[in-house]
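Source file input17.pdb; content: PDB, C-alpha atoms.
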```
ATOM      1  CA  MET A  18     -62.079-145.180  96.326  1.00  0.00           C
ATOM      2  CA  VAL A  19     -59.051-145.941  94.142  1.00  0.00           C
ATOM      3  CA  ASN A  20     -59.909-143.087  91.776  1.00  0.00           C
ATOM      4  CA  GLN A  21     -60.220-140.658  94.684  1.00  0.00           C
ATOM      5  CA  GLY A  22     -56.856-141.781  96.056  1.00  0.00           C
ATOM      6  CA  SER A  23     -55.147-141.501  92.696  1.00  0.00           C
ATOM      7  CA  GLY A  24     -56.755-138.094  92.166  1.00  0.00           C
ATOM      8  CA  VAL A  25     -55.442-136.830  95.487  1.00  0.00           C
ATOM      9  CA  MET A  26     -52.011-138.284  94.708  1.00  0.00           C
ATOM     10  CA  ARG A  27     -52.062-136.587  91.291  1.00  0.00           C
ATOM     11  CA  GLU A  28     -52.880-133.197  92.784  1.00  0.00           C
ATOM     12  CA  LEU A  29     -50.244-133.526  95.507  1.00  0.00           C
ATOM     13  CA  ILE A  30     -47.577-134.545  93.000  1.00  0.00           C
ATOM     14  CA  ARG A  31     -48.623-131.804  90.575  1.00  0.00           C
ATOM     15  CA  LYS A  32     -48.234-129.180  93.290  1.00  0.00           C
ATOM     16  CA  LEU A  33     -44.951-130.661  94.478  1.00  0.00           C
ATOM     17  CA  VAL A  34     -43.514-130.762  90.946  1.00  0.00           C
ATOM     18  CA  ARG A  35     -44.659-127.201  90.302  1.00  0.00           C
ATOM     19  CA  ASP A  36     -43.206-125.901  93.549  1.00  0.00           C
ATOM     20  CA  LEU A  37     -39.915-127.737  93.136  1.00  0.00           C
ATOM     21  CA  GLY A  38     -39.732-126.738  89.457  1.00  0.00           C
ATOM     22  CA  VAL A  39     -39.938-123.071  90.409  1.00  0.00           C
ATOM     23  CA  LEU A  40     -37.135-123.606  92.902  1.00  0.00           C
ATOM     24  CA  GLU A  41     -34.940-125.346  90.331  1.00  0.00           C
ATOM     25  CA  LYS A  42     -35.491-122.599  87.767  1.00  0.00           C
ATOM     26  CA  ASN A  43     -34.512-119.967  90.306  1.00  0.00           C
ATOM     27  CA  ASP A  44     -31.467-121.928  91.464  1.00  0.00           C
ATOM     28  CA  ALA A  45     -30.272-122.691  87.930  1.00  0.00           C
ATOM     29  CA  SER A  46     -30.463-119.043  86.939  1.00  0.00           C
ATOM     30  CA  CYS A  47     -28.268-118.147  89.919  1.00  0.00           C
ATOM     31  CA  CYS A  48     -25.574-120.280  88.315  1.00  0.00           C
ATOM     32  CA  GLU A  49     -26.155-118.566  84.969  1.00  0.00           C
ATOM     33  CA  VAL A  50     -27.192-121.794  83.249  1.00  0.00           C
ATOM     34  CA  SER A  51     -30.542-122.978  81.956  1.00  0.00           C
ATOM     35  CA  LEU A  52     -32.515-125.636  83.788  1.00  0.00           C
ATOM     36  CA  ALA A  53     -31.612-128.238  81.135  1.00  0.00           C
ATOM     37  CA  GLN A  54     -27.938-127.303  81.453  1.00  0.00           C
ATOM     38  CA  CYS A  55     -28.224-127.497  85.241  1.00  0.00           C
ATOM     39  CA  HIS A  56     -29.602-131.057  85.041  1.00  0.00           C
ATOM     40  CA  ALA A  57     -26.822-132.044  82.627  1.00  0.00           C
ATOM     41  CA  ILE A  58     -24.105-130.541  84.851  1.00  0.00           C
ATOM     42  CA  VAL A  59     -25.419-132.399  87.892  1.00  0.00           C
ATOM     43  CA  GLU A  60     -25.534-135.762  86.117  1.00  0.00           C
ATOM     44  CA  ILE A  61     -22.106-135.298  84.534  1.00  0.00           C
ATOM     45  CA  GLY A  62     -20.685-134.188  87.878  1.00  0.00           C
ATOM     46  CA  ARG A  63     -22.100-137.208  89.664  1.00  0.00           C
ATOM     47  CA  LYS A  64     -20.798-139.639  87.018  1.00  0.00           C
ATOM     48  CA  GLY A  65     -17.428-137.978  86.389  1.00  0.00           C
ATOM     49  CA  LYS A  66     -17.495-139.024  82.735  1.00  0.00           C
ATOM     50  CA  ILE A  67     -20.525-140.041  80.710  1.00  0.00           C
ATOM     51  CA  SER A  68     -21.347-140.628  77.065  1.00  0.00           C
ATOM     52  CA  LEU A  69     -23.669-138.255  75.258  1.00  0.00           C
ATOM     53  CA  VAL A  70     -26.037-141.157  74.529  1.00  0.00           C
ATOM     54  CA  ASP A  71     -26.173-142.263  78.178  1.00  0.00           C
ATOM     55  CA  LEU A  72     -26.691-138.689  79.384  1.00  0.00           C
ATOM     56  CA  ALA A  73     -29.542-138.175  76.915  1.00  0.00           C
ATOM     57  CA  MET A  74     -31.198-141.424  78.055  1.00  0.00           C
ATOM     58  CA  MET A  75     -30.742-140.526  81.727  1.00  0.00           C
ATOM     59  CA  LEU A  76     -32.374-137.130  81.236  1.00  0.00           C
ATOM     60  CA  GLY A  77     -35.080-138.439  78.892  1.00  0.00           C
ATOM     61  CA  LEU A  78     -33.961-136.281  75.962  1.00  0.00           C
ATOM     62  CA  ASP A  79     -33.223-137.131  72.349  1.00  0.00           C
ATOM     63  CA  LYS A  80     -29.607-137.115  71.235  1.00  0.00           C
ATOM     64  CA  SER A  81     -29.914-133.920  69.152  1.00  0.00           C
ATOM     65  CA  THR A  82     -31.418-131.927  72.046  1.00  0.00           C
ATOM     66  CA  MET A  83     -28.727-133.232  74.384  1.00  0.00           C
ATOM     67  CA  SER A  84     -26.065-132.372  71.818  1.00  0.00           C
ATOM     68  CA  ARG A  85     -27.282-128.751  71.630  1.00  0.00           C
ATOM     69  CA  THR A  86     -27.283-128.499  75.422  1.00  0.00           C
ATOM     70  CA  ILE A  87     -23.735-129.862  75.556  1.00  0.00           C
ATOM     71  CA  ASN A  88     -22.612-127.490  72.774  1.00  0.00           C
ATOM     72  CA  ASN A  89     -23.781-124.554  74.901  1.00  0.00           C
ATOM     73  CA  LEU A  90     -21.939-125.944  77.920  1.00  0.00           C
ATOM     74  CA  VAL A  91     -18.763-126.388  75.839  1.00  0.00           C
ATOM     75  CA  GLU A  92     -19.037-122.774  74.638  1.00  0.00           C
ATOM     76  CA  SER A  93     -19.390-121.663  78.267  1.00  0.00           C
ATOM     77  CA  ASN A  94     -16.279-123.679  79.185  1.00  0.00           C
ATOM     78  CA  LEU A  95     -18.262-125.856  81.604  1.00  0.00           C
ATOM     79  CA  VAL A  96     -17.741-129.235  79.887  1.00  0.00           C
ATOM     80  CA  ILE A  97     -15.311-130.853  77.502  1.00  0.00           C
ATOM     81  CA  ARG A  98     -16.221-133.371  74.855  1.00  0.00           C
ATOM     82  CA  ASP A  99     -13.903-136.194  73.768  1.00  0.00           C
ATOM     83  CA  VAL A 100     -14.240-139.206  71.513  1.00  0.00           C
ATOM     84  CA  ASP A 101     -14.177-142.483  73.468  1.00  0.00           C
ATOM     85  CA  MET A 102     -10.983-144.286  72.437  1.00  0.00           C
ATOM     86  CA  GLU A 103     -12.594-147.713  72.958  1.00  0.00           C
ATOM     87  CA  ASN A 104     -15.662-146.916  70.877  1.00  0.00           C
ATOM     88  CA  ARG A 105     -15.135-143.993  68.513  1.00  0.00           C
ATOM     89  CA  ARG A 106     -18.909-143.689  67.934  1.00  0.00           C
ATOM     90  CA  TYR A 107     -19.336-142.463  71.522  1.00  0.00           C
ATOM     91  CA  VAL A 108     -18.702-138.951  72.720  1.00  0.00           C
ATOM     92  CA  ILE A 109     -17.540-138.746  76.335  1.00  0.00           C
ATOM     93  CA  ILE A 110     -18.395-135.649  78.334  1.00  0.00           C
ATOM     94  CA  GLN A 111     -16.858-134.418  81.566  1.00  0.00           C
ATOM     95  CA  LEU A 112     -16.800-131.179  83.528  1.00  0.00           C
ATOM     96  CA  THR A 113     -14.047-128.598  83.269  1.00  0.00           C
ATOM     97  CA  GLU A 114     -12.654-126.971  86.415  1.00  0.00           C
ATOM     98  CA  LYS A 115     -15.218-124.191  85.953  1.00  0.00           C
ATOM     99  CA  GLY A 116     -17.934-126.814  85.468  1.00  0.00           C
ATOM    100  CA  ILE A 117     -16.872-128.587  88.669  1.00  0.00           C
ATOM    101  CA  ARG A 118     -17.222-125.312  90.585  1.00  0.00           C
ATOM    102  CA  VAL A 119     -20.733-124.777  89.150  1.00  0.00           C
ATOM    103  CA  PHE A 120     -21.635-128.414  89.942  1.00  0.00           C
ATOM    104  CA  ARG A 121     -20.459-128.055  93.546  1.00  0.00           C
ATOM    105  CA  ASN A 122     -22.398-124.801  93.907  1.00  0.00           C
ATOM    106  CA  ILE A 123     -25.582-126.435  92.599  1.00  0.00           C
ATOM    107  CA  GLU A 124     -25.130-129.467  94.864  1.00  0.00           C
ATOM    108  CA  LYS A 125     -24.440-127.304  97.930  1.00  0.00           C
ATOM    109  CA  SER A 126     -27.478-125.145  97.251  1.00  0.00           C
ATOM    110  CA  MET A 127     -29.756-128.157  96.700  1.00  0.00           C
ATOM    111  CA  ASP A 128     -28.385-129.973  99.772  1.00  0.00           C
ATOM    112  CA  GLU A 129     -29.121-126.920 101.914  1.00  0.00           C
ATOM    113  CA  TYR A 130     -32.616-126.469 100.502  1.00  0.00           C
ATOM    114  CA  TYR A 131     -33.670-130.116 100.745  1.00  0.00           C
ATOM    115  CA  GLY A 132     -32.030-130.360 104.169  1.00  0.00           C
ATOM    116  CA  SER A 133     -34.237-127.486 105.282  1.00  0.00           C
ATOM    117  CA  ILE A 134     -37.339-129.206 103.883  1.00  0.00           C
ATOM    118  CA  PHE A 135     -36.387-132.538 105.472  1.00  0.00           C
ATOM    119  CA  ASN A 136     -35.765-130.889 108.840  1.00  0.00           C
ATOM    120  CA  SER A 137     -39.218-129.276 108.632  1.00  0.00           C
ATOM    121  CA  ILE A 138     -40.785-132.748 108.660  1.00  0.00           C
ATOM    122  CA  PRO A 139     -41.463-134.041 112.187  1.00  0.00           C
ATOM    123  CA  GLU A 140     -38.594-136.344 113.135  1.00  0.00           C
ATOM    124  CA  ASN A 141     -40.881-139.321 113.786  1.00  0.00           C
ATOM    125  CA  LYS A 142     -42.323-139.029 110.221  1.00  0.00           C
ATOM    126  CA  ARG A 143     -39.068-138.661 108.240  1.00  0.00           C
ATOM    127  CA  SER A 144     -38.495-142.373 107.609  1.00  0.00           C
ATOM    128  CA  GLN A 145     -42.142-142.695 106.540  1.00  0.00           C
ATOM    129  CA  VAL A 146     -41.690-139.887 104.002  1.00  0.00           C
ATOM    130  CA  ILE A 147     -38.509-141.505 102.616  1.00  0.00           C
ATOM    131  CA  GLU A 148     -40.212-144.918 102.383  1.00  0.00           C
ATOM    132  CA  SER A 149     -43.245-143.400 100.641  1.00  0.00           C
ATOM    133  CA  LEU A 150     -41.060-141.578  98.123  1.00  0.00           C
ATOM    134  CA  GLN A 151     -39.139-144.798  97.417  1.00  0.00           C
ATOM    135  CA  LEU A 152     -42.403-146.664  96.822  1.00  0.00           C
ATOM    136  CA  LEU A 153     -43.677-143.897  94.560  1.00  0.00           C
ATOM    137  CA  ASN A 154     -40.407-143.868  92.610  1.00  0.00           C
ATOM    138  CA  GLU A 155     -40.542-147.654  92.153  1.00  0.00           C
ATOM    139  CA  ALA A 156     -44.171-147.470  90.993  1.00  0.00           C
ATOM    140  CA  VAL A 157     -43.314-144.791  88.449  1.00  0.00           C
ATOM    141  CA  GLU A 158     -40.352-146.841  87.168  1.00  0.00           C
ATOM    142  CA  CYS A 159     -42.582-149.937  86.869  1.00  0.00           C
ATOM    143  CA  ASN A 160     -45.112-148.037  84.772  1.00  0.00           C
ATOM    144  CA  LYS A 161     -42.448-146.930  82.302  1.00  0.00           C
ATOM    145  CA  CYS A 162     -42.066-150.525  81.073  1.00  0.00           C
TER
END
```
Could you quickly redo this structure as structure tokens?
Amino acid sequence: MVNQGSGVMRELIRKLVRDLGVLEKNDASCCEVSLAQCHAIVEIGRKGKISLVDLAMMLGLDKSTMSRTINNLVESNLVIRDVDMENRRYVIIQLTEKGIRVFRNIEKSMDEYYGSIFNSIPENKRSQVIESLQLLNEAVECNKC
């Protein structure tokens, strides 16, 4: 029974990831940035300032890949890169004014889309969906260790 349950869960998550991935690709292209750049902009925007190392870890990328992504964002005038004065080995990244506008546009678009999905769930099931997603997220985090 466990294998059947995990198989069903796998298929549901696979479909969900695929469907949401298509959405993210379409939304990112509307902002004229790649999906990787979109993820970086969102995380930088939410943190305000973040080191290159921390951003790479957060997004599950190696430092060189993250560095290339940031270079492209610098060239597009979406982020600025500075050396951390407290630890000169760290590079601190933050959004430019243009980057903040792109970040806000991405957040607004995602809030509207996920709000629409959430509102499509019967009201009496919404807390159950949130609880289930929290449990799933915790289980995934536990299995990373």
On this structure, which residues satisfy the PyMOL selection byres ((chain A and resi 57-72) around 10), written as a ChimeraX atom specification?
/A:50-56,73-81,83-84,86-87,90,95-101,106-113,116-121,123-124
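The shortest atom-to-atom distance to Glu49 of chain A, with all atoms listed in the file taken into account, belongs to A:Asn89 out of A:Ala156, A:Val34, A:Asn89, A:Ile147.
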Find the distance between atom CA of Ile138 of chain A and atom CA of Asn160 of chain A and write it in Å to one decimal.
28.7 Å
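Here atom CA of Arg27 of chain A stands at a distance of 12.3 Å from atom CA of Val157 of chain A.
Pairwise distance (atom CA of Ile30 of chain A, atom CA of Gln151 of chain A) equals 14.0 Å.
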